[in-house]
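See below for upload25.cif, which holds mmCIF, C-alpha atoms.
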```
data_target
loop_
_atom_site.label_atom_id
_atom_site.label_comp_id
_atom_site.auth_asym_id
_atom_site.auth_seq_id
_atom_site.Cartn_x
_atom_site.Cartn_y
_atom_site.Cartn_z
CA MET B 143 0.00 0.00 0.00
CA MET B 144 1.26 3.45 -0.90
CA TYR B 145 0.37 6.65 0.94
CA GLN B 146 1.19 10.10 -0.36
CA TRP B 147 0.45 13.58 0.97
CA GLU B 148 1.75 17.15 1.05
CA LEU B 149 3.58 18.44 4.10
CA THR B 150 5.55 21.50 5.13
CA ILE B 151 8.84 21.81 6.98
CA PRO B 152 8.49 25.22 8.62
CA GLU B 153 11.99 25.11 10.07
CA LEU B 154 13.48 24.87 6.57
CA THR B 155 11.08 26.24 3.96
CA GLY B 156 8.19 27.87 5.79
CA GLU B 157 4.80 27.16 4.22
CA SER B 158 6.14 25.71 0.97
CA SER B 159 4.83 22.17 0.59
CA ARG B 160 6.54 19.03 -0.59
CA ARG B 161 5.46 15.43 -1.05
CA ALA B 162 5.85 12.64 1.48
CA TYR B 163 5.60 8.97 0.52
CA VAL B 164 5.08 5.90 2.70
CA TYR B 165 4.99 2.27 1.62
CA VAL B 166 3.32 -0.25 3.96
CA PRO B 167 3.44 -4.01 3.18
CA ASP B 168 0.18 -5.47 1.91
CA SER B 169 0.29 -8.06 4.70
CA PHE B 170 -0.99 -5.35 7.04
CA GLN B 171 -4.36 -5.53 5.27
CA GLN B 172 -4.70 -9.16 6.36
CA ASP B 173 -3.39 -8.70 9.90
CA GLU B 174 -3.50 -5.24 11.46
CA SER B 175 -1.58 -6.43 14.50
CA LEU B 176 1.60 -6.63 12.43
CA ARG B 177 4.39 -4.11 12.99
CA TYR B 178 7.33 -3.45 10.67
CA PRO B 179 10.87 -1.99 10.62
CA VAL B 180 11.12 1.43 8.99
CA LEU B 181 13.56 2.67 6.37
CA TYR B 182 13.71 6.46 6.03
CA MET B 183 15.01 7.68 2.67
CA PHE B 184 16.18 11.00 1.28
CA ASP B 185 15.06 12.38 -2.12
CA GLY B 186 11.63 10.79 -1.71
CA HIS B 187 10.44 11.93 -5.14
CA ASN B 188 13.07 9.63 -6.71
CA VAL B 189 12.27 6.55 -4.64
CA PHE B 190 8.98 5.16 -5.95
CA TYR B 191 7.62 6.68 -9.17
CA ASP B 192 9.30 7.49 -12.47
CA SER B 193 6.67 10.18 -13.03
CA ASP B 194 7.89 12.09 -9.95
CA ALA B 195 11.61 11.47 -10.37
CA THR B 196 13.86 14.38 -11.27
CA TYR B 197 15.32 12.65 -14.33
CA GLY B 198 12.34 10.44 -15.18
CA LYS B 199 13.76 7.29 -13.54
CA SER B 200 13.11 6.26 -9.93
CA TRP B 201 14.64 3.57 -7.76
CA GLY B 202 11.57 1.40 -8.37
CA MET B 203 11.39 0.70 -4.65
CA LYS B 204 7.69 -0.16 -4.62
CA GLU B 205 8.11 -2.80 -7.33
CA TYR B 206 11.09 -4.32 -5.51
CA LEU B 207 9.30 -4.51 -2.16
CA GLU B 208 6.18 -6.05 -3.72
CA ARG B 209 8.10 -8.49 -5.90
CA THR B 210 10.22 -9.76 -3.01
CA GLY B 211 7.55 -9.58 -0.32
CA THR B 212 9.90 -7.54 1.87
CA GLU B 213 8.21 -6.74 5.19
CA LEU B 214 9.41 -3.18 5.60
CA ILE B 215 7.87 0.29 5.77
CA VAL B 216 9.66 2.88 3.63
CA ALA B 217 9.09 6.56 4.43
CA ALA B 218 10.56 9.23 2.16
CA VAL B 219 10.20 12.99 1.75
CA GLU B 220 10.82 15.05 -1.36
CA CYS B 221 13.90 17.25 -1.35
CA ASN B 222 14.00 21.03 -1.65
CA HIS B 223 14.03 21.85 -5.38
CA SER B 224 14.89 25.54 -5.00
CA PRO B 225 17.33 26.46 -7.82
CA ASP B 226 19.53 28.45 -5.44
CA GLY B 227 20.94 25.27 -3.93
CA GLY B 228 17.97 24.23 -1.81
CA ARG B 229 18.79 20.54 -1.88
CA LEU B 230 22.47 21.17 -1.17
CA ARG B 231 21.60 23.28 1.88
CA GLU B 232 19.24 20.72 3.38
CA TYR B 233 21.51 17.73 2.66
CA ALA B 234 24.77 19.38 3.73
CA PRO B 235 25.71 18.72 7.37
CA TYR B 236 28.29 21.49 7.12
CA SER B 237 28.57 24.79 5.27
CA PHE B 238 30.79 24.93 2.18
CA ARG B 239 31.50 26.89 -0.99
CA ASP B 240 30.04 25.67 -4.27
CA PRO B 241 31.93 26.71 -7.45
CA GLN B 242 28.71 27.86 -9.13
CA LEU B 243 26.42 28.90 -6.27
CA GLY B 244 28.96 30.38 -3.88
CA ARG B 245 28.71 29.80 -0.14
CA ILE B 246 26.12 27.19 0.82
CA GLN B 247 24.83 27.38 4.37
CA GLY B 248 24.64 23.74 5.42
CA ARG B 249 21.34 22.94 7.13
CA GLY B 250 21.69 19.18 7.32
CA GLU B 251 21.55 19.27 11.11
CA GLU B 252 18.23 21.13 10.94
CA THR B 253 16.99 18.57 8.43
CA MET B 254 17.86 15.76 10.82
CA GLN B 255 16.26 17.54 13.76
CA TRP B 256 13.02 17.75 11.78
CA LEU B 257 13.24 14.15 10.62
CA VAL B 258 13.94 12.78 14.09
CA HIS B 259 11.66 15.01 16.15
CA SER B 260 8.76 15.70 13.75
CA PHE B 261 8.61 13.27 10.84
CA LYS B 262 9.56 10.06 12.67
CA PRO B 263 7.05 10.63 15.51
CA TYR B 264 4.35 11.26 12.89
CA ILE B 265 5.21 8.01 11.07
CA ASP B 266 5.27 6.06 14.34
CA GLN B 267 1.89 7.49 15.32
CA HIS B 268 0.08 6.90 12.03
CA PHE B 269 1.67 3.73 10.65
CA PRO B 270 2.33 0.21 12.05
CA THR B 271 6.00 0.69 12.89
CA LEU B 272 8.54 -0.96 15.11
CA SER B 273 9.81 2.36 16.39
CA ASP B 274 12.85 1.28 18.41
CA ARG B 275 16.41 1.91 17.26
CA SER B 276 17.10 -1.67 16.20
CA HIS B 277 14.29 -1.47 13.63
CA THR B 278 14.95 2.08 12.38
CA PHE B 279 17.14 2.54 9.29
CA ILE B 280 18.10 5.35 6.91
CA ALA B 281 19.31 5.47 3.30
CA GLY B 282 20.11 7.82 0.47
CA SER B 283 22.37 8.51 -2.48
CA SER B 284 24.91 11.21 -3.32
CA MET B 285 24.31 14.05 -0.81
CA GLY B 286 21.54 11.85 0.60
CA GLY B 287 24.19 9.16 1.05
CA LEU B 288 26.34 11.63 2.95
CA MET B 289 23.34 12.50 5.11
CA SER B 290 22.77 8.80 5.80
CA LEU B 291 26.35 8.47 7.08
CA TYR B 292 25.81 11.60 9.14
CA ALA B 293 22.52 10.32 10.54
CA VAL B 294 23.71 6.86 11.56
CA THR B 295 26.69 8.32 13.43
CA ALA B 296 25.41 11.66 14.78
CA TYR B 297 22.01 10.11 15.58
CA ASN B 298 23.13 6.60 16.41
CA ASP B 299 20.66 6.47 19.28
CA VAL B 300 17.87 6.65 16.66
CA PHE B 301 19.24 4.76 13.63
CA SER B 302 20.97 1.41 13.92
CA ARG B 303 21.66 0.81 10.21
CA ALA B 304 22.27 2.91 7.11
CA ALA B 305 22.77 2.52 3.38
CA ALA B 306 24.92 5.21 1.77
CA LEU B 307 25.00 4.87 -2.01
CA SER B 308 27.54 7.02 -3.87
CA PRO B 309 27.89 9.17 -0.74
CA SER B 310 29.45 12.60 -1.20
CA VAL B 311 32.33 11.83 1.14
CA TRP B 312 34.53 14.29 -0.79
CA PHE B 313 32.56 17.03 0.95
CA ALA B 314 33.89 18.78 4.10
CA THR B 315 36.32 15.92 4.60
CA LYS B 316 37.94 17.14 7.82
CA LYS B 317 34.62 17.65 9.60
CA LEU B 318 33.17 14.41 8.24
CA ASN B 319 36.21 12.38 9.24
CA HIS B 320 36.16 13.94 12.72
CA LEU B 321 32.51 12.97 13.15
CA LEU B 322 33.09 9.41 11.99
CA LYS B 323 36.09 9.06 14.30
CA ASN B 324 34.50 10.52 17.42
CA ALA B 325 30.72 10.11 17.36
CA PRO B 326 29.56 7.55 19.95
CA VAL B 327 28.25 4.53 18.05
CA ALA B 328 26.83 1.29 19.39
CA PRO B 329 28.68 -1.93 18.52
CA ASP B 330 25.72 -3.27 16.54
CA THR B 331 25.77 -0.42 14.01
CA VAL B 332 25.57 -1.58 10.38
CA ILE B 333 26.56 0.52 7.36
CA TYR B 334 26.30 -0.39 3.70
CA MET B 335 28.35 1.90 1.47
CA ASP B 336 29.10 1.72 -2.25
CA TYR B 337 30.40 3.72 -5.16
CA GLY B 338 30.17 3.09 -8.88
CA SER B 339 33.41 2.36 -10.71
CA ARG B 340 32.49 4.92 -13.37
CA GLU B 341 32.10 7.77 -10.86
CA MET B 342 35.29 7.39 -8.85
CA GLY B 343 37.00 10.10 -10.89
CA PHE B 344 34.30 12.73 -10.47
CA HIS B 345 36.14 14.58 -7.69
CA PRO B 346 39.84 15.03 -6.85
CA ASN B 347 41.13 12.44 -4.38
CA MET B 348 37.80 10.60 -4.48
CA MET B 349 39.38 7.16 -4.19
CA GLU B 350 41.66 8.33 -1.37
CA GLN B 351 38.81 9.83 0.68
CA TYR B 352 36.54 6.85 0.08
CA ALA B 353 39.31 4.57 1.38
CA LYS B 354 39.83 6.91 4.35
CA VAL B 355 36.16 6.81 5.33
CA THR B 356 36.15 3.03 4.98
CA SER B 357 39.23 2.74 7.19
CA ILE B 358 37.73 4.96 9.88
CA LEU B 359 34.53 2.92 9.99
CA LEU B 360 36.50 -0.33 10.20
CA GLU B 361 38.68 1.10 12.97
CA ARG B 362 35.48 1.91 14.86
CA ARG B 363 34.52 -1.78 14.47
CA ILE B 364 31.31 -0.83 12.70
CA TRP B 365 29.80 -3.68 10.72
CA LEU B 366 30.62 -2.36 7.27
CA ASP B 367 29.71 -3.71 3.85
CA CYS B 368 31.68 -1.68 1.32
CA ARG B 369 31.56 -2.18 -2.45
CA ILE B 370 32.83 -0.72 -5.68
CA VAL B 371 30.00 -1.43 -8.12
CA PRO B 372 31.34 -2.75 -11.44
CA LEU B 373 30.38 -0.24 -14.17
CA GLY B 374 28.22 1.60 -11.61
CA ASP B 375 27.09 5.14 -12.41
CA HIS B 376 25.82 8.13 -10.45
CA CYS B 377 22.14 7.68 -11.30
CA GLU B 378 18.90 6.13 -10.07
CA ALA B 379 19.07 3.24 -12.54
CA SER B 380 22.40 2.16 -11.05
CA TRP B 381 21.22 2.65 -7.47
CA GLU B 382 18.12 0.58 -8.18
CA ARG B 383 20.34 -2.37 -9.08
CA GLN B 384 21.97 -2.13 -5.64
CA ILE B 385 18.71 -2.49 -3.69
CA PRO B 386 19.13 -6.26 -3.10
CA PHE B 387 22.63 -5.68 -1.73
CA PHE B 388 21.81 -2.99 0.80
CA MET B 389 18.47 -4.56 1.76
CA ALA B 390 20.33 -7.72 2.73
CA ASP B 391 22.41 -5.66 5.16
CA LEU B 392 19.53 -3.61 6.57
CA LEU B 393 17.44 -6.72 7.29
CA TYR B 394 20.24 -9.17 8.13
CA GLN B 395 19.63 -11.13 11.31
CA PRO B 396 22.82 -12.79 12.62
CA ASN B 397 21.02 -14.99 15.14
#
```
If you took the structure in this file and wrote it as structure tokens, what would it be?
Amino acid sequence: MMYQWELTIPELTGESSRRAYVYVPDSFQQDESLRYPVLYMFDGHNVFYDSDATYGKSWGMKEYLERTGTELIVAAVECNHSPDGGRLREYAPYSFRDPQLGRIQGRGEETMQWLVHSFKPYIDQHFPTLSDRSHTFIAGSSMGGLMSLYAVTAYNDVFSRAAALSPSVWFATKKLNHLLKNAPVAPDTVIYMDYGSREMGFHPNMMEQYAKVTSILLERRIWLDCRIVPLGDHCEASWERQIPFFMADLLYQPN
């Protein structure tokens, strides 16, 4: 079952509305006592429907969940489409300078405050969730992948697992590395992280920084699944093909 509605995020964009999407497994229609883990995702407009996706191709998440019978709620909110760097502001944990847009005031922390203290409580109240940390996950790609790394470390008391696809780890490297090294994380934290082989040259020192982030996470003894996707690209079609890989990590039960 899919649910869709318009919401506002007053802290970030005042009264401007954006779409929210929630997928609930069909099994809930047969047994309303069921409760499910929740995966929160960034760039919600790109998650489910090609018709809503920025470039006309979504992740096809609904089709995957239905085809595989995956018992998981997925909750996703559309990004800020403002042409003056709205998405960059909301998905940037730290401020930085963009070559084209100039200084970008990073509001990723405000985004996470809203997600954790407003959106998550709403989802837990209105949908059949397992709301505890062990059943609460987060995922995204590109800047959304960076935000997923930020969320699972800075908000490790809320999120136990994360999937960061093509994460923008080239961004604010000193601050990011400091967070990953020092944020208190529980020993059961799971992170899936990948990058496409065709996108490794997009930014200077990309390979070096990706290896650095991987090393930090391993030093922290985080359960890390790290991949270089053969012929992988920076696009929804490529990220869709990685769904089985990161879903296996998000839902893996060692016992």
Picked residues, the PyMOL selection byres ((chain B and resi 330-335) around 6), expected as a VMD selection string:
chain B and resid 302 to 307 328 to 329 336 364 to 368 388
Option closest in space to B:Phe238, from B:Met143, B:Gly250, B:Ser224, B:Pro372 [counting only C-alpha atoms]:
B:Gly250
Please compute the atom CA of B:Leu288-atom CA of B:Lys317 distance, one decimal, in Å.
12.2 Å
All residues 10 Å or closer to B:Tyr191, all atoms listed in the file, same chain fewer than 6 positions away omitted, as a short mmCIF file (atom, residue, chain, number, x, y, z; two decimals) with C-alpha atoms, in the frame of the given file:
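The resulting result38.cif:
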```
data_model
loop_
_atom_site.label_atom_id
_atom_site.label_comp_id
_atom_site.auth_asym_id
_atom_site.auth_seq_id
_atom_site.Cartn_x
_atom_site.Cartn_y
_atom_site.Cartn_z
CA GLY B 198 12.34 10.44 -15.18
CA LYS B 199 13.76 7.29 -13.54
CA SER B 200 13.11 6.26 -9.93
CA TRP B 201 14.64 3.57 -7.76
CA GLY B 202 11.57 1.40 -8.37
CA MET B 203 11.39 0.70 -4.65
CA LYS B 204 7.69 -0.16 -4.62
CA GLU B 205 8.11 -2.80 -7.33
#
```
Rank B:Leu373, B:Cys221, B:Val311, B:Leu181 by their smallest atom-to-atom distance to B:Ser158, using all atoms listed in the file, and report the top residue only.
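Closest to B:Ser158, using all atoms listed in the file: B:Cys221.
What the PyMOL selection byres ((chain B and resi 393-397) around 10) matches in the given file is Pro179, Thr212, Glu213, Leu214, His277, Phe279, Arg303, Val332, Phe388, Met389, Ala390, Asp391 and Leu392 of chain B.
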Convert the output of the PyMOL selection byres ((chain B and resi 261) around 12) on the shown file into explicit residues, formatted as a PyMOL selection string.
chain B and resi 149-151+162-164+182-183+217-219+253-260+262-269
Write the residues you've just listed into a file as a PDB file, in the coordinates of the input, and include C-alpha atoms for each of them.
```pdb
ATOM      1  CA  LEU B 149       3.580  18.440   4.100  1.00  0.00           C
ATOM      2  CA  THR B 150       5.550  21.500   5.130  1.00  0.00           C
ATOM      3  CA  ILE B 151       8.840  21.810   6.980  1.00  0.00           C
ATOM      4  CA  ALA B 162       5.850  12.640   1.480  1.00  0.00           C
ATOM      5  CA  TYR B 163       5.600   8.970   0.520  1.00  0.00           C
ATOM      6  CA  VAL B 164       5.080   5.900   2.700  1.00  0.00           C
ATOM      7  CA  TYR B 182      13.710   6.460   6.030  1.00  0.00           C
ATOM      8  CA  MET B 183      15.010   7.680   2.670  1.00  0.00           C
ATOM      9  CA  ALA B 217       9.090   6.560   4.430  1.00  0.00           C
ATOM     10  CA  ALA B 218      10.560   9.230   2.160  1.00  0.00           C
ATOM     11  CA  VAL B 219      10.200  12.990   1.750  1.00  0.00           C
ATOM     12  CA  THR B 253      16.990  18.570   8.430  1.00  0.00           C
ATOM     13  CA  MET B 254      17.860  15.760  10.820  1.00  0.00           C
ATOM     14  CA  GLN B 255      16.260  17.540  13.760  1.00  0.00           C
ATOM     15  CA  TRP B 256      13.020  17.750  11.780  1.00  0.00           C
ATOM     16  CA  LEU B 257      13.240  14.150  10.620  1.00  0.00           C
ATOM     17  CA  VAL B 258      13.940  12.780  14.090  1.00  0.00           C
ATOM     18  CA  HIS B 259      11.660  15.010  16.150  1.00  0.00           C
ATOM     19  CA  SER B 260       8.760  15.700  13.750  1.00  0.00           C
ATOM     20  CA  LYS B 262       9.560  10.060  12.670  1.00  0.00           C
ATOM     21  CA  PRO B 263       7.050  10.630  15.510  1.00  0.00           C
ATOM     22  CA  TYR B 264       4.350  11.260  12.890  1.00  0.00           C
ATOM     23  CA  ILE B 265       5.210   8.010  11.070  1.00  0.00           C
ATOM     24  CA  ASP B 266       5.270   6.060  14.340  1.00  0.00           C
ATOM     25  CA  GLN B 267       1.890   7.490  15.320  1.00  0.00           C
ATOM     26  CA  HIS B 268       0.080   6.900  12.030  1.00  0.00           C
ATOM     27  CA  PHE B 269       1.670   3.730  10.650  1.00  0.00           C
TER      28      PHE B 269
END
```
Identify the residues around (19.3, 7.2, -10.4) within a radius of 8 Å, measuring from only C-alpha atoms in the coordinates stated by the file, and give them as a PyMOL selection string.
chain B and resi 188+197+199-201+376-382
Restricting the output to C-alpha atoms, write the selected residues as a PDB file, in the coordinates of the input.
```pdb
ATOM      1  CA  ASN B 188      13.070   9.630  -6.710  1.00  0.00           C
ATOM      2  CA  TYR B 197      15.320  12.650 -14.330  1.00  0.00           C
ATOM      3  CA  LYS B 199      13.760   7.290 -13.540  1.00  0.00           C
ATOM      4  CA  SER B 200      13.110   6.260  -9.930  1.00  0.00           C
ATOM      5  CA  TRP B 201      14.640   3.570  -7.760  1.00  0.00           C
ATOM      6  CA  HIS B 376      25.820   8.130 -10.450  1.00  0.00           C
ATOM      7  CA  CYS B 377      22.140   7.680 -11.300  1.00  0.00           C
ATOM      8  CA  GLU B 378      18.900   6.130 -10.070  1.00  0.00           C
ATOM      9  CA  ALA B 379      19.070   3.240 -12.540  1.00  0.00           C
ATOM     10  CA  SER B 380      22.400   2.160 -11.050  1.00  0.00           C
ATOM     11  CA  TRP B 381      21.220   2.650  -7.470  1.00  0.00           C
ATOM     12  CA  GLU B 382      18.120   0.580  -8.180  1.00  0.00           C
TER      13      GLU B 382
END
```
Which residue gives the smallest distance to B:Val371 among B:Ser357, B:Gly244, B:Ser308, B:Leu321, with all atoms listed in the file counted?
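The closest residue to B:Val371 is B:Ser308.
With atom CA of B:Arg363 on one side and atom CA of B:Leu291 on the other, the separation reads 15.0 Å.
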Identify which of the residues B:Arg340, B:Arg245, B:Arg231, B:Lys354 lies closest to B:Lys316, counting all atoms listed in the file when measuring atom-to-atom distances.
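That would be B:Lys354, the residue with the smallest distance to B:Lys316.
If you look at atom CA of B:Asp226 and atom CA of B:Gly374, they are 28.9 Å away from each other.
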Residues near B:Tyr292, anyone? I mean within 10 Å using all atoms listed in the file, not counting same-chain ones fewer than 2 positions away, as a PDB file with C-alpha atoms, in the coordinates of the input.
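So result25.pdb came out as:
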```pdb
ATOM      1  CA  TYR B 233      21.510  17.730   2.660  1.00  0.00           C
ATOM      2  CA  ALA B 234      24.770  19.380   3.730  1.00  0.00           C
ATOM      3  CA  PRO B 235      25.710  18.720   7.370  1.00  0.00           C
ATOM      4  CA  GLY B 250      21.690  19.180   7.320  1.00  0.00           C
ATOM      5  CA  GLU B 251      21.550  19.270  11.110  1.00  0.00           C
ATOM      6  CA  MET B 254      17.860  15.760  10.820  1.00  0.00           C
ATOM      7  CA  GLY B 286      21.540  11.850   0.600  1.00  0.00           C
ATOM      8  CA  GLY B 287      24.190   9.160   1.050  1.00  0.00           C
ATOM      9  CA  LEU B 288      26.340  11.630   2.950  1.00  0.00           C
ATOM     10  CA  MET B 289      23.340  12.500   5.110  1.00  0.00           C
ATOM     11  CA  SER B 290      22.770   8.800   5.800  1.00  0.00           C
ATOM     12  CA  VAL B 294      23.710   6.860  11.560  1.00  0.00           C
ATOM     13  CA  THR B 295      26.690   8.320  13.430  1.00  0.00           C
ATOM     14  CA  ALA B 296      25.410  11.660  14.780  1.00  0.00           C
ATOM     15  CA  TYR B 297      22.010  10.110  15.580  1.00  0.00           C
ATOM     16  CA  ASN B 298      23.130   6.600  16.410  1.00  0.00           C
ATOM     17  CA  ALA B 304      22.270   2.910   7.110  1.00  0.00           C
ATOM     18  CA  ALA B 306      24.920   5.210   1.770  1.00  0.00           C
ATOM     19  CA  LEU B 318      33.170  14.410   8.240  1.00  0.00           C
ATOM     20  CA  LEU B 321      32.510  12.970  13.150  1.00  0.00           C
ATOM     21  CA  LEU B 322      33.090   9.410  11.990  1.00  0.00           C
ATOM     22  CA  ALA B 325      30.720  10.110  17.360  1.00  0.00           C
TER      23      ALA B 325
END
```
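Comparing B:Leu243, B:Lys323, B:Glu232, B:Leu360 by their smallest distance to B:Met285, the closest is B:Glu232 (using all atoms listed in the file).
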Show me, as a ChimeraX atom specification, the residues that have an atom within 10 Å of B:His223 when counting all atoms listed in the file, minus same-chain residues fewer than 4 positions from it.
/B:160,196,227-230
Nearest residue to B:Thr315 out of B:Tyr352, B:Pro241, B:Leu272, B:Ala281, using all atoms listed in the file?
B:Tyr352
Kindly list the centre and edge lengths in Å, rounded to one decimal, for the axis-aligned box that covers all listed atoms of stretch 258-274 of chain B plus 8 Å on each of its six sides, as JSON.
```
{"center_x": 7.0, "center_y": 7.4, "center_z": 14.5, "size_x": 29.9, "size_y": 32.7, "size_z": 23.8}
```
Export stretch 222-233 of chain B of the preceding structure, keeping N, CA, C and O atoms, as an mmCIF file, in the first residue's frame.
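Saved the output as decode25.cif:
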```cif
data_model
loop_
_atom_site.group_PDB
_atom_site.id
_atom_site.type_symbol
_atom_site.label_atom_id
_atom_site.label_comp_id
_atom_site.auth_asym_id
_atom_site.auth_seq_id
_atom_site.Cartn_x
_atom_site.Cartn_y
_atom_site.Cartn_z
ATOM 1 N N ASN B 222 14.221 19.632 -1.302
ATOM 2 C CA ASN B 222 13.999 21.032 -1.649
ATOM 3 C C ASN B 222 14.520 21.255 -3.070
ATOM 4 O O ASN B 222 15.702 21.051 -3.347
ATOM 5 N N HIS B 223 13.644 21.665 -3.981
ATOM 6 C CA HIS B 223 14.033 21.848 -5.380
ATOM 7 C C HIS B 223 14.423 23.289 -5.717
ATOM 8 O O HIS B 223 14.595 23.610 -6.899
ATOM 9 N N SER B 224 14.556 24.141 -4.735
ATOM 10 C CA SER B 224 14.890 25.540 -5.001
ATOM 11 C C SER B 224 16.170 25.632 -5.833
ATOM 12 O O SER B 224 17.180 24.999 -5.499
ATOM 13 N N PRO B 225 16.165 26.404 -6.929
ATOM 14 C CA PRO B 225 17.327 26.461 -7.819
ATOM 15 C C PRO B 225 18.543 27.153 -7.219
ATOM 16 O O PRO B 225 19.627 27.105 -7.806
ATOM 17 N N ASP B 226 18.393 27.767 -6.076
ATOM 18 C CA ASP B 226 19.534 28.452 -5.444
ATOM 19 C C ASP B 226 20.290 27.532 -4.489
ATOM 20 O O ASP B 226 20.948 27.990 -3.561
ATOM 21 N N GLY B 227 20.219 26.234 -4.758
ATOM 22 C CA GLY B 227 20.943 25.267 -3.926
ATOM 23 C C GLY B 227 20.144 24.743 -2.761
ATOM 24 O O GLY B 227 20.723 24.343 -1.744
ATOM 25 N N GLY B 228 18.825 24.682 -2.903
ATOM 26 C CA GLY B 228 17.966 24.232 -1.806
ATOM 27 C C GLY B 228 18.290 22.837 -1.329
ATOM 28 O O GLY B 228 18.392 22.575 -0.129
ATOM 29 N N ARG B 229 18.468 21.910 -2.274
ATOM 30 C CA ARG B 229 18.788 20.535 -1.881
ATOM 31 C C ARG B 229 20.156 20.470 -1.219
ATOM 32 O O ARG B 229 20.328 19.766 -0.216
ATOM 33 N N LEU B 230 21.135 21.179 -1.756
ATOM 34 C CA LEU B 230 22.472 21.168 -1.168
ATOM 35 C C LEU B 230 22.434 21.675 0.268
ATOM 36 O O LEU B 230 23.082 21.105 1.151
ATOM 37 N N ARG B 231 21.687 22.749 0.514
ATOM 38 C CA ARG B 231 21.604 23.282 1.877
ATOM 39 C C ARG B 231 21.037 22.248 2.840
ATOM 40 O O ARG B 231 21.580 22.034 3.930
ATOM 41 N N GLU B 232 19.937 21.630 2.458
ATOM 42 C CA GLU B 232 19.244 20.720 3.377
ATOM 43 C C GLU B 232 19.972 19.387 3.547
ATOM 44 O O GLU B 232 19.787 18.720 4.569
ATOM 45 N N TYR B 233 20.791 18.996 2.572
ATOM 46 C CA TYR B 233 21.508 17.729 2.656
ATOM 47 C C TYR B 233 22.996 17.922 2.938
ATOM 48 O O TYR B 233 23.796 17.001 2.750
#
```
